[in-house]
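Printed here is target.pdb (PDB, C-alpha atoms and all ligand atoms):
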```
MODEL        1
ATOM      1  CA  MET A   1       9.445  13.911-117.734
ATOM      2  CA  SER A   2       8.191  12.237-114.620
ATOM      3  CA  GLY A   3       5.329  10.022-113.612
ATOM      4  CA  ALA A   4       4.121   6.464-113.908
ATOM      5  CA  GLY A   5       4.705   4.643-117.166
ATOM      6  CA  GLN A   6       7.888   6.525-117.963
ATOM      7  CA  GLU A   7      10.248   4.724-115.640
ATOM      8  CA  PRO A   8      13.871   4.590-116.704
ATOM      9  CA  GLN A   9      15.316   1.091-117.016
ATOM     10  CA  GLY A  10      18.696  -0.379-116.177
ATOM     11  CA  LEU A  11      20.448   2.795-115.115
ATOM     12  CA  ARG A  12      24.007   2.756-113.833
ATOM     13  CA  LYS A  13      25.043   4.786-110.822
ATOM     14  CA  GLY A  14      27.568   7.486-111.746
ATOM     15  CA  PRO A  15      29.691   9.884-109.676
ATOM     16  CA  LEU A  16      28.471  11.294-106.381
ATOM     17  CA  ARG A  17      27.071  14.725-107.088
ATOM     18  CA  TYR A  18      26.067  15.870-103.626
ATOM     19  CA  GLU A  19      26.138  14.447-100.128
ATOM     20  CA  GLY A  20      23.572  16.037 -97.829
ATOM     21  CA  LYS A  21      22.655  15.313 -94.249
ATOM     22  CA  ALA A  22      19.959  12.774 -95.148
ATOM     23  CA  LYS A  23      20.731  11.597 -98.688
ATOM     24  CA  ARG A  24      23.448  11.056-101.256
ATOM     25  CA  VAL A  25      22.668  12.137-104.817
ATOM     26  CA  TYR A  26      24.494  10.385-107.687
ATOM     27  CA  GLU A  27      24.531  11.083-111.375
ATOM     28  CA  THR A  28      23.478   8.301-113.749
ATOM     29  CA  ASP A  29      24.138   7.511-117.395
ATOM     30  CA  ARG A  30      21.090   9.679-118.135
ATOM     31  CA  PRO A  31      21.675  13.391-117.493
ATOM     32  CA  ASP A  32      18.016  13.911-116.653
ATOM     33  CA  VAL A  33      17.952  11.244-113.906
ATOM     34  CA  HIS A  34      19.638  11.185-110.485
ATOM     35  CA  TRP A  35      20.079   8.202-108.157
ATOM     36  CA  VAL A  36      19.299   9.070-104.532
ATOM     37  CA  VAL A  37      20.430   6.945-101.569
ATOM     38  CA  TYR A  38      18.687   7.680 -98.269
ATOM     39  CA  LYS A  39      20.911   7.593 -95.163
ATOM     40  CA  ASP A  40      20.301   6.644 -91.531
ATOM     41  CA  ASP A  41      22.113   9.808 -90.388
ATOM     42  CA  ALA A  42      20.036  12.282 -88.433
ATOM     43  CA  THR A  43      20.772  15.928 -87.714
ATOM     44  CA  ALA A  44      18.766  18.622 -85.961
ATOM     45  CA  PHE A  45      19.101  22.263 -84.924
ATOM     46  CA  ASN A  46      21.010  23.134 -88.083
ATOM     47  CA  ALA A  47      23.288  20.074 -87.657
ATOM     48  CA  ARG A  48      24.404  21.020 -84.124
ATOM     49  CA  LYS A  49      22.855  17.714 -82.967
ATOM     50  CA  ARG A  50      23.886  14.576 -84.837
ATOM     51  CA  GLY A  51      23.089  10.873 -84.583
ATOM     52  CA  THR A  52      21.766   7.908 -86.484
ATOM     53  CA  ILE A  53      18.296   6.428 -86.615
ATOM     54  CA  ALA A  54      18.618   2.716 -87.447
ATOM     55  CA  GLY A  55      16.631   1.771 -90.550
ATOM     56  CA  LYS A  56      15.620   5.381 -91.287
ATOM     57  CA  GLY A  57      16.959   5.408 -94.845
ATOM     58  CA  ILE A  58      14.847   2.492 -96.009
ATOM     59  CA  VAL A  59      11.752   3.611 -94.113
ATOM     60  CA  ASN A  60      11.953   7.254 -95.269
ATOM     61  CA  GLU A  61      12.502   6.291 -98.894
ATOM     62  CA  ALA A  62       9.382   4.124 -98.840
ATOM     63  CA  ILE A  63       7.290   6.769 -97.070
ATOM     64  CA  SER A  64       8.475   9.485 -99.442
ATOM     65  CA  ALA A  65       7.817   7.361-102.539
ATOM     66  CA  HIS A  66       4.290   6.634-101.279
ATOM     67  CA  LEU A  67       3.546  10.287-100.521
ATOM     68  CA  MET A  68       5.037  11.513-103.820
ATOM     69  CA  ARG A  69       2.610   9.192-105.628
ATOM     70  CA  ILE A  70      -0.268  10.557-103.536
ATOM     71  CA  VAL A  71       0.801  14.137-104.348
ATOM     72  CA  GLN A  72       0.830  13.322-108.064
ATOM     73  CA  GLU A  73      -2.442  11.362-108.069
ATOM     74  CA  ARG A  74      -4.567  13.311-105.600
ATOM     75  CA  GLY A  75      -2.889  16.731-105.630
ATOM     76  CA  GLY A  76      -2.174  16.921-109.363
ATOM     77  CA  VAL A  77       1.339  18.212-108.633
ATOM     78  CA  SER A  78       4.164  16.704-110.715
ATOM     79  CA  THR A  79       7.042  15.280-108.689
ATOM     80  CA  HIS A  80      10.629  14.192-109.283
ATOM     81  CA  TYR A  81       9.912  10.605-108.140
ATOM     82  CA  LEU A  82      10.397   7.935-110.820
ATOM     83  CA  SER A  83      10.925   4.581-109.092
ATOM     84  CA  THR A  84      12.559   2.607-106.308
ATOM     85  CA  PRO A  85      15.296   0.328-107.739
ATOM     86  CA  ALA A  86      16.292  -1.047-104.300
ATOM     87  CA  PRO A  87      15.205  -0.471-100.693
ATOM     88  CA  GLY A  88      16.309   2.994 -99.572
ATOM     89  CA  GLU A  89      17.148   4.116-103.114
ATOM     90  CA  GLN A  90      15.298   6.208-105.684
ATOM     91  CA  TRP A  91      15.560   7.240-109.271
ATOM     92  CA  VAL A  92      14.381  10.818-109.579
ATOM     93  CA  THR A  93      14.204  13.450-112.286
ATOM     94  CA  ALA A  94      17.237  15.727-111.941
ATOM     95  CA  VAL A  95      16.166  19.263-111.128
ATOM     96  CA  ASP A  96      17.670  22.631-110.341
ATOM     97  CA  ILE A  97      16.462  23.134-106.794
ATOM     98  CA  VAL A  98      14.663  26.455-106.199
ATOM     99  CA  PRO A  99      16.582  27.916-103.224
ATOM    100  CA  VAL A 100      13.359  28.538-101.322
ATOM    101  CA  GLU A 101      12.254  26.061 -98.657
ATOM    102  CA  VAL A 102       8.476  26.020 -98.513
ATOM    103  CA  ILE A 103       7.021  25.448 -95.048
ATOM    104  CA  VAL A 104       3.354  24.722 -94.430
ATOM    105  CA  ARG A 105       2.017  25.058 -90.874
ATOM    106  CA  HIS A 106      -1.332  23.995 -89.408
ATOM    107  CA  ARG A 107      -0.240  24.528 -85.794
ATOM    108  CA  ALA A 108       2.537  26.520 -84.143
ATOM    109  CA  ALA A 109       5.537  24.317 -83.275
ATOM    110  CA  GLY A 110       9.321  24.335 -83.148
ATOM    111  CA  SER A 111      11.104  27.481 -84.335
ATOM    112  CA  PHE A 112       7.804  29.159 -85.299
ATOM    113  CA  ALA A 113       6.364  28.856 -81.774
ATOM    114  CA  ALA A 114       9.665  30.143 -80.332
ATOM    115  CA  ARG A 115       9.896  33.055 -82.814
ATOM    116  CA  TYR A 116       6.453  34.419 -81.949
ATOM    117  CA  GLY A 117       6.365  33.327 -78.294
ATOM    118  CA  VAL A 118       3.231  31.211 -78.649
ATOM    119  CA  ALA A 119       2.412  27.780 -77.270
ATOM    120  CA  ALA A 120       3.367  24.758 -79.362
ATOM    121  CA  GLY A 121       0.162  23.234 -80.658
ATOM    122  CA  ARG A 122      -1.736  26.496 -81.146
ATOM    123  CA  PRO A 123      -3.924  26.065 -84.258
ATOM    124  CA  LEU A 124      -3.166  28.418 -87.156
ATOM    125  CA  GLU A 125      -6.051  29.775 -89.186
ATOM    126  CA  PRO A 126      -5.443  30.319 -92.077
ATOM    127  CA  THR A 127      -2.812  27.675 -92.761
ATOM    128  CA  VAL A 128       0.570  29.441 -92.797
ATOM    129  CA  ILE A 129       2.882  29.144 -95.812
ATOM    130  CA  GLU A 130       6.394  30.452 -95.136
ATOM    131  CA  TRP A 131       9.501  30.835 -97.303
ATOM    132  CA  CYS A 132      12.992  30.223 -95.925
ATOM    133  CA  LEU A 133      16.203  30.697 -97.846
ATOM    134  CA  LYS A 134      17.770  27.271 -98.435
ATOM    135  CA  SER A 135      21.134  27.963 -96.803
ATOM    136  CA  ASP A 136      22.568  25.826 -94.005
ATOM    137  CA  GLU A 137      25.334  28.381 -93.421
ATOM    138  CA  LEU A 138      22.767  31.072 -92.656
ATOM    139  CA  GLY A 139      20.438  28.752 -90.743
ATOM    140  CA  ASP A 140      17.683  28.823 -93.408
ATOM    141  CA  PRO A 141      16.444  32.369 -92.575
ATOM    142  CA  PRO A 142      12.735  33.144 -93.154
ATOM    143  CA  MET A 143      12.009  35.708 -95.870
ATOM    144  CA  ASN A 144       8.962  37.413 -97.332
ATOM    145  CA  ASP A 145       7.977  37.722-101.006
ATOM    146  CA  ALA A 146       9.745  41.035-101.589
ATOM    147  CA  THR A 147      12.991  39.711-100.122
ATOM    148  CA  ALA A 148      12.879  36.574-102.279
ATOM    149  CA  VAL A 149      12.252  38.662-105.427
ATOM    150  CA  ALA A 150      14.660  41.517-104.590
ATOM    151  CA  LEU A 151      17.498  39.098-103.856
ATOM    152  CA  GLY A 152      16.756  37.038-106.971
ATOM    153  CA  PHE A 153      15.803  33.752-105.303
ATOM    154  CA  ALA A 154      12.417  33.518-107.077
ATOM    155  CA  SER A 155      10.187  35.692-109.270
ATOM    156  CA  ASP A 156       6.706  36.785-108.221
ATOM    157  CA  ALA A 157       5.257  34.309-110.717
ATOM    158  CA  ARG A 158       7.392  31.498-109.264
ATOM    159  CA  LEU A 159       6.304  32.344-105.702
ATOM    160  CA  ALA A 160       2.653  32.223-106.793
ATOM    161  CA  GLU A 161       3.286  28.833-108.383
ATOM    162  CA  LEU A 162       5.034  27.604-105.218
ATOM    163  CA  ARG A 163       2.144  28.768-103.029
ATOM    164  CA  ASP A 164      -0.478  27.022-105.161
ATOM    165  CA  ALA A 165       1.612  23.841-105.340
ATOM    166  CA  ALA A 166       2.220  23.890-101.565
ATOM    167  CA  HIS A 167      -1.528  24.071-100.888
ATOM    168  CA  ALA A 168      -2.172  21.173-103.275
ATOM    169  CA  VAL A 169       0.624  19.076-101.737
ATOM    170  CA  ASP A 170      -0.724  19.893 -98.290
ATOM    171  CA  ALA A 171      -4.281  18.852 -99.100
ATOM    172  CA  ALA A 172      -3.121  15.528-100.555
ATOM    173  CA  VAL A 173      -0.596  14.645 -97.858
ATOM    174  CA  ALA A 174      -2.605  15.875 -94.851
ATOM    175  CA  GLY A 175      -5.587  13.919 -96.162
ATOM    176  CA  ARG A 176      -3.534  10.746 -96.501
ATOM    177  CA  PHE A 177      -2.091  11.083 -92.979
ATOM    178  CA  ASP A 178      -5.571  11.736 -91.615
ATOM    179  CA  GLU A 179      -6.704   8.374 -93.028
ATOM    180  CA  VAL A 180      -4.144   6.613 -90.844
ATOM    181  CA  GLY A 181      -4.782   8.567 -87.652
ATOM    182  CA  LEU A 182      -1.940  11.071 -87.980
ATOM    183  CA  GLU A 183      -2.259  14.855 -87.853
ATOM    184  CA  LEU A 184       0.092  16.756 -90.149
ATOM    185  CA  VAL A 185       1.168  19.675 -87.937
ATOM    186  CA  ASP A 186       3.719  21.206 -90.323
ATOM    187  CA  PHE A 187       6.149  20.221 -93.072
ATOM    188  CA  LYS A 188       8.897  21.501 -95.365
ATOM    189  CA  VAL A 189       9.126  20.819 -99.089
ATOM    190  CA  GLU A 190      11.547  21.730-101.842
ATOM    191  CA  PHE A 191      10.755  22.250-105.511
ATOM    192  CA  GLY A 192      12.967  22.303-108.574
ATOM    193  CA  THR A 193      12.806  22.799-112.313
ATOM    194  CA  ASP A 194      13.566  20.042-114.820
ATOM    195  CA  ALA A 195      15.428  20.485-118.111
ATOM    196  CA  SER A 196      12.278  21.838-119.781
ATOM    197  CA  GLY A 197      11.675  24.363-116.999
ATOM    198  CA  THR A 198       8.712  22.527-115.460
ATOM    199  CA  LEU A 199       8.321  22.897-111.698
ATOM    200  CA  LEU A 200       8.439  19.552-109.850
ATOM    201  CA  LEU A 201       8.107  18.658-106.182
ATOM    202  CA  ALA A 202      11.590  17.363-105.256
ATOM    203  CA  ASP A 203      13.571  16.184-102.231
ATOM    204  CA  GLU A 204      11.495  14.105 -99.762
ATOM    205  CA  ILE A 205       8.379  13.975 -97.602
ATOM    206  CA  SER A 206       9.054  11.889 -94.490
ATOM    207  CA  PRO A 207       9.073  12.024 -90.682
ATOM    208  CA  ASP A 208      12.370  13.963 -91.080
ATOM    209  CA  THR A 209      10.533  16.787 -92.855
ATOM    210  CA  CYS A 210       7.042  16.621 -91.292
ATOM    211  CA  ARG A 211       5.669  17.015 -87.781
ATOM    212  CA  LEU A 212       3.136  14.222 -87.269
ATOM    213  CA  TRP A 213       1.041  13.807 -84.146
ATOM    214  CA  ASP A 214      -0.847  10.638 -83.371
ATOM    215  CA  ARG A 215      -4.503  11.673 -83.338
ATOM    216  CA  ALA A 216      -5.369   9.311 -80.470
ATOM    217  CA  SER A 217      -2.508  10.049 -78.043
ATOM    218  CA  GLY A 218      -1.158  13.407 -79.254
ATOM    219  CA  GLU A 219       2.344  11.860 -79.255
ATOM    220  CA  PRO A 220       4.814  13.052 -81.917
ATOM    221  CA  LEU A 221       5.819  10.347 -84.442
ATOM    222  CA  ASP A 222       8.556  12.299 -86.222
ATOM    223  CA  LYS A 223      12.007  13.843 -85.872
ATOM    224  CA  ASP A 224      10.932  15.764 -82.752
ATOM    225  CA  ARG A 225      11.482  12.458 -80.882
ATOM    226  CA  PHE A 226      15.163  12.736 -81.895
ATOM    227  CA  ARG A 227      15.391  16.532 -81.393
ATOM    228  CA  GLN A 228      13.896  16.353 -77.902
ATOM    229  CA  ASP A 229      15.412  12.999 -76.817
ATOM    230  CA  LEU A 230      11.954  11.518 -76.307
ATOM    231  CA  GLY A 231      13.105   7.955 -77.091
ATOM    232  CA  GLY A 232      11.319   5.515 -79.379
ATOM    233  CA  VAL A 233      12.692   7.267 -82.465
ATOM    234  CA  GLU A 234      13.132   4.173 -84.679
ATOM    235  CA  GLU A 235       9.757   2.842 -83.528
ATOM    236  CA  ALA A 236       8.010   6.110 -84.436
ATOM    237  CA  TYR A 237       9.405   6.122 -87.989
ATOM    238  CA  ARG A 238       8.478   2.436 -88.382
ATOM    239  CA  GLU A 239       4.970   3.125 -87.084
ATOM    240  CA  VAL A 240       4.401   5.841 -89.713
ATOM    241  CA  HIS A 241       5.667   3.400 -92.368
ATOM    242  CA  ARG A 242       3.444   0.623 -91.019
ATOM    243  CA  ARG A 243       0.309   2.746 -91.078
ATOM    244  CA  LEU A 244       0.886   4.143 -94.575
ATOM    245  CA  LEU A 245       2.248   1.064 -96.304
ATOM    246  CA  GLU A 246       1.140  -2.054 -94.495
ATOM    247  CA  GLY A 247      -2.520  -1.082 -94.392
ATOM    248  CA  ALA A 248      -2.324  -1.202 -90.604
ATOM    249  CA  SER A 249      -5.097   0.539 -88.718
ATOM    250  CA  PRO A 250      -3.909   3.204 -86.272
TER     251      PRO A 250
HETATM  252  N1  LIG B 301      15.521  15.709-107.871
HETATM  253  C1  LIG B 301      16.573  16.335-107.356
HETATM  254  N2  LIG B 301      17.536  16.845-108.180
HETATM  255  C2  LIG B 301      18.618  17.497-107.671
HETATM  256  N3  LIG B 301      18.842  17.670-106.344
HETATM  257  C3  LIG B 301      17.915  17.185-105.486
HETATM  258  C4  LIG B 301      16.745  16.500-105.934
HETATM  259  N4  LIG B 301      16.003  16.147-104.846
HETATM  260  C5  LIG B 301      16.686  16.592-103.767
HETATM  261  N5  LIG B 301      17.843  17.212-104.119
HETATM  262  C6  LIG B 301      18.868  17.797-103.250
HETATM  263  O1  LIG B 301      19.660  16.745-102.733
HETATM  264  C7  LIG B 301      20.380  17.234-101.618
HETATM  265  C8  LIG B 301      20.568  16.120-100.611
HETATM  266  O2  LIG B 301      19.460  15.939 -99.807
HETATM  267  P1  LIG B 301      19.591  16.023 -98.219
HETATM  268  O3  LIG B 301      18.203  15.967 -97.680
HETATM  269  O4  LIG B 301      20.586  15.062 -97.728
HETATM  270  O5  LIG B 301      20.189  17.494 -98.074
HETATM  271  P2  LIG B 301      20.372  18.329 -96.761
HETATM  272  O6  LIG B 301      21.468  17.853 -95.938
HETATM  273  O7  LIG B 301      19.026  18.512 -96.147
HETATM  274  O8  LIG B 301      20.994  19.619 -97.381
HETATM  275  P3  LIG B 301      20.439  20.860 -98.013
HETATM  276  O9  LIG B 301      20.701  21.892 -96.977
HETATM  277  O10 LIG B 301      21.239  21.030 -99.272
HETATM  278  O11 LIG B 301      18.984  20.615 -98.241
HETATM  279  C9  LIG B 301      19.622  18.488-101.146
HETATM  280  O12 LIG B 301      20.386  19.647-101.441
HETATM  281  C10 LIG B 301      18.362  18.472-102.002
HETATM  282  O13 LIG B 301      17.905  19.780-102.255
HETATM  283 MG    MG B 302      17.235  17.405 -96.427
ENDMDL
END
```
Mind turning this structure into structure tokens?
Ligand SMILES: Nc1ncnc2c1ncn2[C@@H]1O[C@H](COP(=O)(O)OP(=O)(O)OP(=O)(O)O)[C@@H](O)[C@H]1O
Ligand SMILES: [Mg+2]
Amino acid sequence: MSGAGQEPQGLRKGPLRYEGKAKRVYETDRPDVHWVVYKDDATAFNARKRGTIAGKGIVNEAISAHLMRIVQERGGVSTHYLSTPAPGEQWVTAVDIVPVEVIVRHRAAGSFAARYGVAAGRPLEPTVIEWCLKSDELGDPPMNDATAVALGFASDARLAELRDAAHAVDAAVAGRFDEVGLELVDFKVEFGTDASGTLLLADEISPDTCRLWDRASGEPLDKDRFRQDLGGVEEAYREVHRRLLEGASP
């Protein structure tokens, strides 16, 4: 189970289960809980570009924890987030990750703009929901519903559930960013199923996984600053943190 009031207490960190590009996931003495440590490492373009963003782990953990709470409270979508035992670290409900990355797009940008040969920034009406296969080796290829079902990555019912959840997550998170003068251009989320089979929002929501444009200046305040060598990367992540968590006005 997840959610406020059911926080685990006094867990011990167990063996490393998985080291990803942005986080390390450890087992704990409870099989239903994982211990996640956020890293400062940054990768882009399917890990062909690598670097570090000083302080990113702590900042992204705090942003993600905040947004997971918003998703639960305002969006009514259950999440894996349980609590933050130390800066940059999270206790989360262990899930089996659905191998479908869910991308929500309000404007064309990045690989989507390149794929269709349209200008970055072009508004998308309706909001686009895309599936990509979660596979670094294959470069996370996009797929449609039939492909996901035919290849056994998700059932039709699961895809419908993912689409509804993605819209609810989007409404909650885009609304929260809007309050602090940030436009949510696009984002990627991952879902998983807990031991009882319940679908939970998992992984993270942070400037690593969202495109965020400052409403006043149009400047990106996200990983595009790292991808495109725009400078001010650490400052951008800290600014998103400041606006969401320090009650700072934009
Ligand atoms: N609650 C959870 N239970 C189990 N695994 C999780 C949970 N939340 C996130 N993960 C997984 O933890 C791994 C580490 O996260 P990280 O963001 O570092 O991965 P990544 O380098 O982006 O790699 P990947 O391509 O596997 O997503 C990811 O595979 C992610 O799907
Ligand atoms: Mg990741």
Review point. The PyMOL selection byres (((not hetatm)) within 9 of (chain B and resi 302)) on the file shown: which residues, as a list in words?
Key: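 Those residues are Gly20, Lys21, Ala22, Lys23, Glu190, Asp203, Glu204, Asp208 and Thr209 of chain A.
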**Study point:** Residue members of the PyMOL selection byres (((not hetatm)) within 8 of (chain B and resi 301)) in the file shown, as JSON, numbers by chain
**Key:** {"A": [18, 19, 20, 21, 22, 23, 24, 25, 33, 34, 36, 38, 39, 80, 81, 92, 93, 94, 95, 96, 97, 134, 135, 136, 190, 192, 202, 203, 204]}
I need the residue set behind the PyMOL selection byres (((chain A and resi 123) around 12) and not hetatm) for this file; please write it as a compact mmCIF listing (two decimals) with C-alpha atoms, keeping the file's coordinate frame.
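Below you can see result.txt, which holds the result:
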```txt
# COMPACT_ATOMS: atom_id res chain seq x y z
CA ARG A 105 2.02 25.06 -90.87
CA HIS A 106 -1.33 24.00 -89.41
CA ARG A 107 -0.24 24.53 -85.79
CA ALA A 108 2.54 26.52 -84.14
CA ALA A 109 5.54 24.32 -83.28
CA ALA A 113 6.36 28.86 -81.77
CA VAL A 118 3.23 31.21 -78.65
CA ALA A 119 2.41 27.78 -77.27
CA ALA A 120 3.37 24.76 -79.36
CA GLY A 121 0.16 23.23 -80.66
CA ARG A 122 -1.74 26.50 -81.15
CA LEU A 124 -3.17 28.42 -87.16
CA GLU A 125 -6.05 29.78 -89.19
CA PRO A 126 -5.44 30.32 -92.08
CA THR A 127 -2.81 27.68 -92.76
CA VAL A 128 0.57 29.44 -92.80
CA GLU A 183 -2.26 14.86 -87.85
CA LEU A 184 0.09 16.76 -90.15
CA VAL A 185 1.17 19.68 -87.94
CA ASP A 186 3.72 21.21 -90.32
```
Practice item. Show which residues sit within 7 Å of segment 217-226 of chain A, as an NGL selection string. Count all atoms listed in the file, and ignore same-chain residues fewer than 4 positions away. Key: :A and (207-208 or 210-213 or 230-231 or 233 or 236-237)
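Between Glu161 of chain A and the candidates A:Thr198, A:Gly117, A:Gly232, A:Lys13, the tightest atom-to-atom separation, counting all atoms listed in the file, involves A:Thr198.
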Could you name the residues that touch Gln9 of chain A at 12 Å or less, counting only C-alpha atoms, but leaving out those on the same chain fewer than 3 positions away, as a compact mmCIF listing (two decimals) with C-alpha atoms, keeping the file's coordinate frame?
```txt
# COMPACT_ATOMS: atom_id res chain seq x y z
CA GLY A 5 4.70 4.64 -117.17
CA GLN A 6 7.89 6.52 -117.96
CA ARG A 12 24.01 2.76 -113.83
CA THR A 28 23.48 8.30 -113.75
CA ASP A 29 24.14 7.51 -117.40
CA ARG A 30 21.09 9.68 -118.14
CA VAL A 33 17.95 11.24 -113.91
CA LEU A 82 10.40 7.94 -110.82
CA SER A 83 10.92 4.58 -109.09
CA THR A 84 12.56 2.61 -106.31
CA PRO A 85 15.30 0.33 -107.74
CA TRP A 91 15.56 7.24 -109.27
```
Near-Ala157 of chain A list (12 Å; all atoms listed in the file; drop same-chain fewer than 4 positions) as a short mmCIF file (atom, residue, chain, number, x, y, z; two decimals) with C-alpha atoms, keeping the file's coordinate frame:
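What ended up in part-v1.cif:
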```cif
data_model
loop_
_atom_site.label_atom_id
_atom_site.label_comp_id
_atom_site.auth_asym_id
_atom_site.auth_seq_id
_atom_site.Cartn_x
_atom_site.Cartn_y
_atom_site.Cartn_z
CA ASP A 145 7.98 37.72 -101.01
CA ALA A 148 12.88 36.57 -102.28
CA VAL A 149 12.25 38.66 -105.43
CA PHE A 153 15.80 33.75 -105.30
CA GLU A 161 3.29 28.83 -108.38
CA LEU A 162 5.03 27.60 -105.22
CA ARG A 163 2.14 28.77 -103.03
CA ASP A 164 -0.48 27.02 -105.16
CA LEU A 199 8.32 22.90 -111.70
#
```
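Note that atom CA of Asp229 of chain A and atom CA of Gly88 of chain A are 24.9 Å apart.
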